[in-house]
Amino acid sequence: MPFEFRPAIRENVGLLIGLSGGSGSGKTWSAMLLAKGISGAKRFCVLDTEAGRARHYADQFTFDHGDLGPPFTPARYSEAITAADKAGYAAIVVDSASHEYAGEGGVLEMQEAELERMAKGDDRRRETMKMSSWIRPKMEHKKFIQKLLQIRAHLILCFRAEPKVEAVKDEHGKLIWREKQSLVGLNGWIPVCEKNMPYELTISFLLMADRPGVPIPIKLQEQHKAIFPLDKPITEESGRLLAAWAHGASEQPTMNLSEATTSTWLKRIAEAKTRKDLETINGEIAAAKAMLSAPQKTTLRNAVKQKSNTLPRTTAGGVKQSDIRWS
């Protein structure tokens with residue numbers, strides 16, 4: 001059968017959106033705002049793994065609710081999401097998608113069960129079988145991802161985030177503990193999911209409790225940057241603009257978001273009281289470096305460097321020159 005090629009037109013594009021954060025970061029509220037904006041006057045659906053906690057928002061939003069209980073296998077998630085898609089919802093919120101990885105019956109438990117089966121109680125066999133025991137769970141997770149890519153509705157996946165630490169050697173060779181550094185985290189806060197999951201999605205943000213709902217980009221494509229100001233919380237309007245873009249509209253906000261965000265960062269840098277405050281801001285800028293022009297990077301880099309020189313040093317050494325080369 002011969003191949004056919006046609007002009008590419010953006011229309012009815014399904015979106016996969018990830019919101020990660022700890023308690024109080026505003027991920028569920030932000031997810032519902034996005035879903036409301038996407039759905040317009042229609043009802044959206046929430047698949048709830050948190051024992052009905054999504055119903056707490058029933059007074060603020062009009063939506064249909066579905067309980068998703070254990071076992072939280074990738075296949076069960078796929079089944080629930082497929083059912084919601086077939087029901088015709090424009091937007092589906094999954095709160096939380098972290099259980100697919102770390103919940104009862106999730107990928108981690110699947111790997112442990114597979115290792116027990118393969119090792120048969122022999123501790124020496126456990127060591128040799130550890131890598132092999134990941135094959136089936138990873139295959140099941142991959143099938144889950146493939147299913148998500150076939151969903152016609154817009155999916156909003158909420159992930160828990162947890163603080164992580166790691167042991168490293170400082171410049172004197174002394175072993176110290178520090179907040180874990182990761183491409184998908186900030187200040188040690190890491191999404192609870194398979195490590196590549198945030199990059200499988202169309203858009204992925206980390207939210208922090210000290211600035212609820214304000215997106216810190218993990219993955220944000222050029223065509224979506226204007227929709228999400230990095231100095232303001234996610235809004236219903238963000239969802240409306242995303243839906244319009246997915247249906248082929250060329251509508252874009254006219255404000256220069258990068259300049260507004262740069263001004264906010266400069267103000268926060270000037271007001272920073274401790275090196276810890278400065279490190280937090282520095283991490284946010286580094287996460288959003290792809291959205292900034294060279295002059296903006298230079299301005300922010302100089303501001304961080306100058307402020308760093310005025311703050312008392314700690315044993316950890318604070319912000320290093322190498323940390324503020326946002327190249």
# chains A, B, ... in the order shown; residues from 1 in each chain; ligands from 1

call {"tool": "select_by_dssp", "arguments": {"residues": "range 27-240 of chain A", "states": "strand (DSSP E or B)", "output": "JSON, numbers by chain"}}
result
{"A": [44, 45, 46, 47, 48, 63, 64, 65, 66, 67, 91, 92, 93, 94, 95, 154, 155, 156, 157, 158, 159, 160, 161, 162, 163, 165, 166, 167, 168, 169, 175, 176, 177, 178, 179, 186, 189, 190, 191, 203, 204, 205, 206, 207, 208, 211, 212, 213, 214, 215, 216, 217, 218, 219]}

call {"tool": "closest_residue", "arguments": {"among": "A:Glu162, A:Glu100, A:Asp231, A:Glu116", "to": "Ala75 in chain A", "atoms": "only C-alpha atoms"}}
result
A:Glu100

call {"tool": "residues_around", "arguments": {"residues": "Gly105 in chain A", "least_positions_apart": "6", "cutoff": "9 Å", "atoms": "only C-alpha atoms", "output": "MDAnalysis selection string"}}
result
chainID A and resid 70:74 99

call {"tool": "closest_residue", "arguments": {"among": "A:Glu166, A:Glu194, A:Glu179, A:Glu79", "to": "Thr280 in chain A", "atoms": "only C-alpha atoms"}}
result
A:Glu179

call {"tool": "closest_atom_pairs", "arguments": {"of": "range 77-132 of chain A", "to": "range 136-140 of chain A", "cutoff": "10 Å", "atoms": "only C-alpha atoms", "output": "tab-separated table"}}
result
residue	atom	partner	partner_atom	distance
A:Tyr101	CA	A:Pro137	CA	9.6
A:Gly106	CA	A:Pro137	CA	8.6
A:Val107	CA	A:Pro137	CA	5.5
A:Leu108	CA	A:Pro137	CA	7.8
A:Glu109	CA	A:Pro137	CA	8.9
A:Met110	CA	A:Pro137	CA	5.9
A:Gln111	CA	A:Pro137	CA	5.8
A:Glu112	CA	A:Pro137	CA	9.6
A:Ala113	CA	A:Pro137	CA	9.9
A:Glu114	CA	A:Arg136	CA	7.9
A:Ser132	CA	A:Arg136	CA	8.4

call {"tool": "residues_around", "arguments": {"residues": "Ala161 in chain A", "least_positions_apart": "3", "cutoff": "8 Å", "atoms": "only C-alpha atoms", "output": "list in words"}}
result
Ser20, Gly21, Gly22, Trp189, Ile190, Pro191 and Val192 of chain A

call {"tool": "residues_around", "arguments": {"residues": "range 267-269 of chain A", "least_positions_apart": "5", "cutoff": "10 Å", "atoms": "only C-alpha atoms", "output": "number ranges by chain"}}
result
A: 261-262, 277-282, 300, 303-308

call {"tool": "write_last_selection", "arguments": {"atoms": "C-alpha atoms", "output": "CSV table (one decimal), in the first residue's frame"}}
result
chain,number,residue,atom,x,y,z
A,261,THR,CA,9.1,37.6,34.8
A,262,THR,CA,12.6,39.1,34.7
A,277,ASP,CA,16.5,32.5,49.4
A,278,LEU,CA,18.9,33.3,46.6
A,279,GLU,CA,19.5,29.6,45.7
A,280,THR,CA,15.8,29.1,45.4
A,281,ILE,CA,15.5,32.0,42.9
A,282,ASN,CA,18.6,30.9,41.1
A,300,LEU,CA,19.8,38.1,36.0
A,303,ALA,CA,22.1,40.5,39.9
A,304,VAL,CA,22.5,37.0,41.5
A,305,LYS,CA,26.3,37.4,41.6
A,306,GLN,CA,26.1,40.9,43.2
A,307,LYS,CA,23.6,39.8,45.7
A,308,SER,CA,25.5,36.7,46.6

call {"tool": "closest_residue", "arguments": {"among": "A:Leu115, A:Leu15, A:Ala272, A:Ile38", "to": "Gly239 in chain A", "atoms": "only C-alpha atoms"}}
result
A:Ile38
